[in-house]
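Here is the file protein-v4.pdb (PDB, N, CA, C and O atoms).
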```
ATOM      1  N   MET A 726      54.793  63.256 137.402
ATOM      2  CA  MET A 726      53.366  63.208 137.589
ATOM      3  C   MET A 726      52.987  61.913 138.302
ATOM      4  O   MET A 726      53.357  60.828 137.891
ATOM      5  N   ILE A 727      52.240  62.030 139.364
ATOM      6  CA  ILE A 727      51.818  60.872 140.138
ATOM      7  C   ILE A 727      50.535  60.310 139.531
ATOM      8  O   ILE A 727      49.620  61.044 139.189
ATOM      9  N   GLN A 728      50.511  59.017 139.419
ATOM     10  CA  GLN A 728      49.309  58.393 138.873
ATOM     11  C   GLN A 728      48.814  57.325 139.823
ATOM     12  O   GLN A 728      49.549  56.835 140.652
ATOM     13  N   ASP A 729      47.551  56.998 139.686
ATOM     14  CA  ASP A 729      46.934  55.970 140.507
ATOM     15  C   ASP A 729      47.308  54.597 139.982
ATOM     16  O   ASP A 729      47.792  54.440 138.871
ATOM     17  N   HIS A 730      47.012  53.627 140.813
ATOM     18  CA  HIS A 730      47.173  52.235 140.416
ATOM     19  C   HIS A 730      46.229  51.944 139.252
ATOM     20  O   HIS A 730      45.091  52.384 139.240
ATOM     21  N   HIS A 731      46.716  51.226 138.251
ATOM     22  CA  HIS A 731      45.916  50.940 137.060
ATOM     23  C   HIS A 731      45.836  49.439 136.806
ATOM     24  O   HIS A 731      46.588  48.895 136.004
ATOM     25  N   PRO A 732      44.916  48.762 137.462
ATOM     26  CA  PRO A 732      44.737  47.339 137.148
ATOM     27  C   PRO A 732      44.243  47.182 135.710
ATOM     28  O   PRO A 732      43.619  48.091 135.154
ATOM     29  N   LEU A 733      44.520  46.036 135.120
ATOM     30  CA  LEU A 733      44.134  45.806 133.727
ATOM     31  C   LEU A 733      42.636  45.998 133.498
ATOM     32  O   LEU A 733      42.230  46.569 132.486
ATOM     33  N   ALA A 734      41.828  45.538 134.426
ATOM     34  CA  ALA A 734      40.379  45.647 134.247
ATOM     35  C   ALA A 734      39.922  47.101 134.216
ATOM     36  O   ALA A 734      38.921  47.427 133.587
ATOM     37  N   LYS A 735      40.666  47.990 134.858
ATOM     38  CA  LYS A 735      40.334  49.418 134.825
ATOM     39  C   LYS A 735      40.762  50.024 133.489
ATOM     40  O   LYS A 735      40.054  50.854 132.928
ATOM     41  N   ASP A 736      41.923  49.614 133.005
ATOM     42  CA  ASP A 736      42.428  50.154 131.743
ATOM     43  C   ASP A 736      41.733  49.556 130.522
ATOM     44  O   ASP A 736      41.643  50.213 129.486
ATOM     45  N   PHE A 737      41.289  48.328 130.641
ATOM     46  CA  PHE A 737      40.613  47.641 129.539
ATOM     47  C   PHE A 737      39.276  47.080 130.016
ATOM     48  O   PHE A 737      39.083  45.855 130.063
ATOM     49  N   PRO A 738      38.323  47.939 130.356
ATOM     50  CA  PRO A 738      37.049  47.437 130.897
ATOM     51  C   PRO A 738      36.295  46.530 129.923
ATOM     52  O   PRO A 738      35.554  45.648 130.354
ATOM     53  N   GLU A 739      36.521  46.717 128.634
ATOM     54  CA  GLU A 739      35.847  45.878 127.640
ATOM     55  C   GLU A 739      36.346  44.434 127.679
ATOM     56  O   GLU A 739      35.709  43.535 127.123
ATOM     57  N   TYR A 740      37.485  44.196 128.325
ATOM     58  CA  TYR A 740      38.060  42.851 128.425
ATOM     59  C   TYR A 740      37.964  42.287 129.839
ATOM     60  O   TYR A 740      38.628  41.301 130.158
ATOM     61  N   LYS A 741      37.152  42.887 130.688
ATOM     62  CA  LYS A 741      37.078  42.470 132.092
ATOM     63  C   LYS A 741      36.806  40.968 132.228
ATOM     64  O   LYS A 741      37.491  40.277 132.974
ATOM     65  N   ASP A 742      35.810  40.460 131.513
ATOM     66  CA  ASP A 742      35.477  39.038 131.594
ATOM     67  C   ASP A 742      36.596  38.165 131.047
ATOM     68  O   ASP A 742      36.911  37.115 131.613
ATOM     69  N   LYS A 743      37.214  38.610 129.963
ATOM     70  CA  LYS A 743      38.299  37.822 129.368
ATOM     71  C   LYS A 743      39.527  37.818 130.282
ATOM     72  O   LYS A 743      40.216  36.806 130.386
ATOM     73  N   ILE A 744      39.797  38.932 130.944
ATOM     74  CA  ILE A 744      40.915  38.991 131.898
ATOM     75  C   ILE A 744      40.696  37.947 132.985
ATOM     76  O   ILE A 744      41.597  37.163 133.303
ATOM     77  N   HIS A 745      39.507  37.923 133.541
ATOM     78  CA  HIS A 745      39.200  36.952 134.598
ATOM     79  C   HIS A 745      39.346  35.518 134.079
ATOM     80  O   HIS A 745      39.938  34.665 134.737
ATOM     81  N   SER A 746      38.821  35.279 132.902
ATOM     82  CA  SER A 746      38.886  33.943 132.313
ATOM     83  C   SER A 746      40.332  33.505 132.082
ATOM     84  O   SER A 746      40.709  32.385 132.429
ATOM     85  N   LEU A 747      41.142  34.392 131.509
ATOM     86  CA  LEU A 747      42.536  34.042 131.235
ATOM     87  C   LEU A 747      43.346  33.869 132.516
ATOM     88  O   LEU A 747      44.244  33.031 132.580
ATOM     89  N   LYS A 748      43.038  34.663 133.537
ATOM     90  CA  LYS A 748      43.757  34.524 134.806
ATOM     91  C   LYS A 748      43.531  33.148 135.423
ATOM     92  O   LYS A 748      44.415  32.616 136.097
ATOM     93  N   THR A 749      42.373  32.564 135.173
ATOM     94  CA  THR A 749      42.076  31.259 135.762
ATOM     95  C   THR A 749      42.407  30.083 134.845
ATOM     96  O   THR A 749      42.531  28.968 135.326
ATOM     97  N   SER A 750      42.546  30.350 133.545
ATOM     98  CA  SER A 750      42.754  29.235 132.613
ATOM     99  C   SER A 750      44.119  29.231 131.931
ATOM    100  O   SER A 750      44.496  28.223 131.343
ATOM    101  N   ASN A 751      44.858  30.319 131.989
ATOM    102  CA  ASN A 751      46.123  30.427 131.261
ATOM    103  C   ASN A 751      47.218  30.837 132.245
ATOM    104  O   ASN A 751      47.276  31.991 132.671
ATOM    105  N   THR A 752      48.073  29.893 132.607
ATOM    106  CA  THR A 752      49.091  30.170 133.626
ATOM    107  C   THR A 752      50.080  31.245 133.177
ATOM    108  O   THR A 752      50.552  32.021 134.003
ATOM    109  N   HIS A 753      50.389  31.290 131.895
ATOM    110  CA  HIS A 753      51.316  32.313 131.396
ATOM    111  C   HIS A 753      50.689  33.708 131.538
ATOM    112  O   HIS A 753      51.337  34.644 132.022
ATOM    113  N   PHE A 754      49.437  33.845 131.146
ATOM    114  CA  PHE A 754      48.745  35.122 131.289
ATOM    115  C   PHE A 754      48.681  35.511 132.766
ATOM    116  O   PHE A 754      48.931  36.660 133.122
ATOM    117  N   ALA A 755      48.331  34.563 133.620
ATOM    118  CA  ALA A 755      48.215  34.841 135.058
ATOM    119  C   ALA A 755      49.542  35.319 135.634
ATOM    120  O   ALA A 755      49.580  36.255 136.431
ATOM    121  N   LYS A 756      50.641  34.689 135.213
ATOM    122  CA  LYS A 756      51.970  35.085 135.692
ATOM    123  C   LYS A 756      52.296  36.506 135.233
ATOM    124  O   LYS A 756      52.758  37.333 136.030
ATOM    125  N   LEU A 757      52.066  36.801 133.965
ATOM    126  CA  LEU A 757      52.347  38.136 133.443
ATOM    127  C   LEU A 757      51.457  39.188 134.099
ATOM    128  O   LEU A 757      51.910  40.296 134.401
ATOM    129  N   GLU A 758      50.208  38.846 134.354
ATOM    130  CA  GLU A 758      49.287  39.782 134.978
ATOM    131  C   GLU A 758      49.728  40.097 136.408
ATOM    132  O   GLU A 758      49.677  41.248 136.842
ATOM    133  N   ARG A 759      50.193  39.088 137.139
ATOM    134  CA  ARG A 759      50.707  39.319 138.500
ATOM    135  C   ARG A 759      51.943  40.212 138.458
ATOM    136  O   ARG A 759      52.105  41.112 139.279
ATOM    137  N   GLU A 760      52.842  39.952 137.502
ATOM    138  CA  GLU A 760      54.039  40.785 137.354
ATOM    139  C   GLU A 760      53.651  42.227 137.050
ATOM    140  O   GLU A 760      54.231  43.165 137.606
ATOM    141  N   TYR A 761      52.664  42.400 136.165
ATOM    142  CA  TYR A 761      52.200  43.739 135.803
ATOM    143  C   TYR A 761      51.643  44.450 137.032
ATOM    144  O   TYR A 761      51.969  45.606 137.300
ATOM    145  N   GLU A 762      50.779  43.770 137.781
ATOM    146  CA  GLU A 762      50.163  44.365 138.970
ATOM    147  C   GLU A 762      51.223  44.727 140.012
ATOM    148  O   GLU A 762      51.173  45.816 140.602
ATOM    149  N   ASP A 763      52.182  43.826 140.250
ATOM    150  CA  ASP A 763      53.244  44.099 141.221
ATOM    151  C   ASP A 763      54.094  45.289 140.788
ATOM    152  O   ASP A 763      54.453  46.140 141.606
ATOM    153  N   LEU A 764      54.415  45.343 139.520
ATOM    154  CA  LEU A 764      55.214  46.444 138.975
ATOM    155  C   LEU A 764      54.448  47.757 139.059
ATOM    156  O   LEU A 764      55.011  48.795 139.445
ATOM    157  N   ASP A 765      53.178  47.727 138.739
ATOM    158  CA  ASP A 765      52.350  48.922 138.814
ATOM    159  C   ASP A 765      52.301  49.454 140.245
ATOM    160  O   ASP A 765      52.444  50.659 140.483
ATOM    161  N   LYS A 766      52.131  48.580 141.208
ATOM    162  CA  LYS A 766      52.104  48.987 142.618
ATOM    163  C   LYS A 766      53.452  49.553 143.050
ATOM    164  O   LYS A 766      53.509  50.535 143.805
ATOM    165  N   ALA A 767      54.542  48.959 142.581
ATOM    166  CA  ALA A 767      55.880  49.455 142.918
ATOM    167  C   ALA A 767      56.083  50.862 142.364
ATOM    168  O   ALA A 767      56.680  51.723 143.033
ATOM    169  N   ILE A 768      55.590  51.109 141.163
ATOM    170  CA  ILE A 768      55.705  52.438 140.547
ATOM    171  C   ILE A 768      54.928  53.463 141.376
ATOM    172  O   ILE A 768      55.439  54.558 141.653
ATOM    173  N   VAL A 769      53.740  53.126 141.782
ATOM    174  CA  VAL A 769      52.938  54.048 142.597
ATOM    175  C   VAL A 769      53.655  54.337 143.916
ATOM    176  O   VAL A 769      53.699  55.483 144.364
ATOM    177  N   ARG A 770      54.241  53.303 144.521
ATOM    178  CA  ARG A 770      54.969  53.523 145.782
ATOM    179  C   ARG A 770      56.154  54.464 145.576
ATOM    180  O   ARG A 770      56.416  55.327 146.420
ATOM    181  N   LEU A 771      56.853  54.322 144.469
ATOM    182  CA  LEU A 771      57.972  55.217 144.174
ATOM    183  C   LEU A 771      57.487  56.642 143.913
ATOM    184  O   LEU A 771      58.065  57.608 144.400
ATOM    185  N   GLU A 772      56.419  56.763 143.155
ATOM    186  CA  GLU A 772      55.905  58.087 142.798
ATOM    187  C   GLU A 772      55.339  58.834 144.002
ATOM    188  O   GLU A 772      55.407  60.059 144.052
ATOM    189  N   THR A 773      54.782  58.105 144.939
ATOM    190  CA  THR A 773      54.180  58.745 146.104
ATOM    191  C   THR A 773      55.157  58.932 147.258
ATOM    192  O   THR A 773      54.804  59.510 148.271
ATOM    193  N   GLY A 774      56.370  58.422 147.099
ATOM    194  CA  GLY A 774      57.382  58.597 148.134
ATOM    195  C   GLY A 774      57.322  57.569 149.248
ATOM    196  O   GLY A 774      58.070  57.669 150.221
ATOM    197  N   VAL A 775      56.454  56.575 149.122
ATOM    198  CA  VAL A 775      56.390  55.509 150.118
ATOM    199  C   VAL A 775      57.709  54.737 150.115
ATOM    200  O   VAL A 775      58.214  54.338 151.162
ATOM    201  N   GLU A 776      58.262  54.547 148.929
ATOM    202  CA  GLU A 776      59.583  53.945 148.754
ATOM    203  C   GLU A 776      60.448  54.932 147.992
ATOM    204  O   GLU A 776      59.933  55.780 147.256
ATOM    205  N   HIS A 777      61.745  54.807 148.174
ATOM    206  CA  HIS A 777      62.663  55.718 147.503
ATOM    207  C   HIS A 777      63.443  54.972 146.420
ATOM    208  O   HIS A 777      63.806  53.816 146.591
ATOM    209  N   GLY A 778      63.669  55.660 145.334
ATOM    210  CA  GLY A 778      64.435  55.111 144.229
ATOM    211  C   GLY A 778      64.832  56.242 143.302
ATOM    212  O   GLY A 778      64.307  57.355 143.385
ATOM    213  N   SER A 779      65.747  55.947 142.433
ATOM    214  CA  SER A 779      66.218  56.969 141.498
ATOM    215  C   SER A 779      65.205  57.173 140.380
ATOM    216  O   SER A 779      64.340  56.329 140.130
ATOM    217  N   SER A 780      65.340  58.298 139.709
ATOM    218  CA  SER A 780      64.453  58.560 138.572
ATOM    219  C   SER A 780      64.725  57.555 137.454
ATOM    220  O   SER A 780      63.804  57.186 136.713
ATOM    221  N   ILE A 781      65.938  57.084 137.356
ATOM    222  CA  ILE A 781      66.273  56.068 136.351
ATOM    223  C   ILE A 781      65.544  54.763 136.667
ATOM    224  O   ILE A 781      64.974  54.127 135.773
ATOM    225  N   GLU A 782      65.540  54.374 137.933
ATOM    226  CA  GLU A 782      64.842  53.160 138.346
ATOM    227  C   GLU A 782      63.347  53.274 138.048
ATOM    228  O   GLU A 782      62.733  52.339 137.526
ATOM    229  N   LEU A 783      62.778  54.428 138.336
ATOM    230  CA  LEU A 783      61.360  54.656 138.071
ATOM    231  C   LEU A 783      61.056  54.539 136.579
ATOM    232  O   LEU A 783      60.101  53.865 136.184
ATOM    233  N   GLU A 784      61.876  55.156 135.753
ATOM    234  CA  GLU A 784      61.658  55.095 134.304
ATOM    235  C   GLU A 784      61.812  53.678 133.774
ATOM    236  O   GLU A 784      61.060  53.260 132.885
ATOM    237  N   GLN A 785      62.763  52.918 134.318
ATOM    238  CA  GLN A 785      62.930  51.529 133.891
ATOM    239  C   GLN A 785      61.696  50.705 134.233
ATOM    240  O   GLN A 785      61.223  49.906 133.424
ATOM    241  N   LYS A 786      61.168  50.927 135.431
ATOM    242  CA  LYS A 786      59.965  50.198 135.839
ATOM    243  C   LYS A 786      58.778  50.575 134.948
ATOM    244  O   LYS A 786      57.983  49.721 134.568
ATOM    245  N   LYS A 787      58.678  51.844 134.603
ATOM    246  CA  LYS A 787      57.590  52.278 133.723
ATOM    247  C   LYS A 787      57.713  51.633 132.349
ATOM    248  O   LYS A 787      56.708  51.225 131.756
ATOM    249  N   GLN A 788      58.931  51.517 131.832
ATOM    250  CA  GLN A 788      59.133  50.877 130.532
ATOM    251  C   GLN A 788      58.775  49.394 130.600
ATOM    252  O   GLN A 788      58.162  48.850 129.669
ATOM    253  N   GLN A 789      59.145  48.745 131.707
ATOM    254  CA  GLN A 789      58.786  47.337 131.882
ATOM    255  C   GLN A 789      57.275  47.173 131.937
ATOM    256  O   GLN A 789      56.718  46.230 131.370
ATOM    257  N   ARG A 790      56.605  48.096 132.630
ATOM    258  CA  ARG A 790      55.148  48.032 132.750
ATOM    259  C   ARG A 790      54.497  48.163 131.371
ATOM    260  O   ARG A 790      53.561  47.427 131.047
ATOM    261  N   VAL A 791      54.992  49.080 130.554
ATOM    262  CA  VAL A 791      54.442  49.260 129.204
ATOM    263  C   VAL A 791      54.625  47.986 128.385
ATOM    264  O   VAL A 791      53.702  47.546 127.701
ATOM    265  N   SER A 792      55.786  47.384 128.472
ATOM    266  CA  SER A 792      56.044  46.145 127.725
ATOM    267  C   SER A 792      55.103  45.032 128.168
ATOM    268  O   SER A 792      54.539  44.316 127.328
ATOM    269  N   LEU A 793      54.936  44.878 129.479
ATOM    270  CA  LEU A 793      54.029  43.856 129.986
ATOM    271  C   LEU A 793      52.591  44.137 129.566
ATOM    272  O   LEU A 793      51.864  43.232 129.159
ATOM    273  N   LYS A 794      52.198  45.392 129.652
ATOM    274  CA  LYS A 794      50.828  45.762 129.284
ATOM    275  C   LYS A 794      50.578  45.473 127.805
ATOM    276  O   LYS A 794      49.519  44.960 127.435
ATOM    277  N   ASP A 795      51.559  45.772 126.945
ATOM    278  CA  ASP A 795      51.434  45.475 125.517
ATOM    279  C   ASP A 795      51.276  43.975 125.283
ATOM    280  O   ASP A 795      50.434  43.550 124.489
ATOM    281  N   GLU A 796      52.081  43.177 125.976
ATOM    282  CA  GLU A 796      52.014  41.739 125.808
ATOM    283  C   GLU A 796      50.659  41.198 126.290
ATOM    284  O   GLU A 796      50.038  40.361 125.625
ATOM    285  N   LEU A 797      50.220  41.691 127.434
ATOM    286  CA  LEU A 797      48.924  41.258 127.962
ATOM    287  C   LEU A 797      47.790  41.683 127.035
ATOM    288  O   LEU A 797      46.858  40.915 126.776
ATOM    289  N   TYR A 798      47.848  42.909 126.524
ATOM    290  CA  TYR A 798      46.809  43.392 125.621
ATOM    291  C   TYR A 798      46.748  42.527 124.353
ATOM    292  O   TYR A 798      45.658  42.185 123.885
ATOM    293  N   ASN A 799      47.901  42.174 123.828
ATOM    294  CA  ASN A 799      47.928  41.318 122.639
ATOM    295  C   ASN A 799      47.293  39.956 122.923
ATOM    296  O   ASN A 799      46.606  39.387 122.058
ATOM    297  N   MET A 800      47.503  39.444 124.117
ATOM    298  CA  MET A 800      46.877  38.172 124.499
ATOM    299  C   MET A 800      45.361  38.339 124.632
ATOM    300  O   MET A 800      44.603  37.443 124.286
ATOM    301  N   LEU A 801      44.924  39.489 125.118
ATOM    302  CA  LEU A 801      43.491  39.755 125.250
ATOM    303  C   LEU A 801      42.812  39.879 123.898
ATOM    304  O   LEU A 801      41.671  39.446 123.728
ATOM    305  N   LYS A 802      43.504  40.484 122.950
ATOM    306  CA  LYS A 802      42.931  40.679 121.611
ATOM    307  C   LYS A 802      42.831  39.392 120.821
ATOM    308  O   LYS A 802      42.001  39.281 119.921
ATOM    309  N   ALA A 803      43.671  38.426 121.142
ATOM    310  CA  ALA A 803      43.730  37.171 120.357
ATOM    311  C   ALA A 803      42.474  36.340 120.497
ATOM    312  O   ALA A 803      41.729  36.415 121.412
TER     313      ALA A 803
END
```

If you convert what's in this file into structure tokens, what do you get?
Amino acid sequence: MIQDHHPLAKDFPEYKDKIHSLKTSNTHFAKLEREYEDLDKAIVRLETGVEHGSSIELEQKKQQRVSLKDELYNMLKA
């Protein structure tokens, strides 16, 4: 199933202001958020056929994205 790009602010609109604040004030959050965004874009490119990769590679990237999203969400909730 092909999915669209999902920036954090789209997935967590209630944290939009906090996402912006943490991106500018917390270097660790900013680094993880960039990794999440880059990984999300890579997944979309694989799913849409812009780039080619194995189904195993795609699933690994999806698992990494979930882990990053969980970590970022926990930072947002704190």

Got a sec to resolve the PyMOL selection byres (((chain A and resi 791 and name CA) around 12) and name CA) on this structure and send the residues as a list in words?
->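 The output of the PyMOL selection byres (((chain A and resi 791 and name CA) around 12) and name CA) on this file is His731, Leu733, Glu760, Tyr761, Glu762, Leu764, Asp765, Ile768, Glu784, Gln785, Lys786, Lys787, Gln788, Gln789, Arg790, Ser792, Leu793, Lys794, Asp795, Glu796, Leu797 and Tyr798 of chain A.
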
For atom O of Tyr740 of chain A and atom CA of Leu801 of chain A, determine how far apart the two atoms are, in Å to one decimal place.
->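 Interatomic distance here is 7.1 Å.
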
Point-to-point distance in Å for atom N of Asp736 of chain A and atom CA of Glu772 of chain A =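 Calculated distance between atom CA of Glu772 of chain A and atom N of Asp736 of chain A is 19.1 Å.
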
Point-to-point distance in Å for atom CA of Gly774 of chain A and atom CA of Leu757 of chain A =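 Interatomic distance, atom CA of Leu757 of chain A to atom CA of Gly774 of chain A: 25.7 Å.
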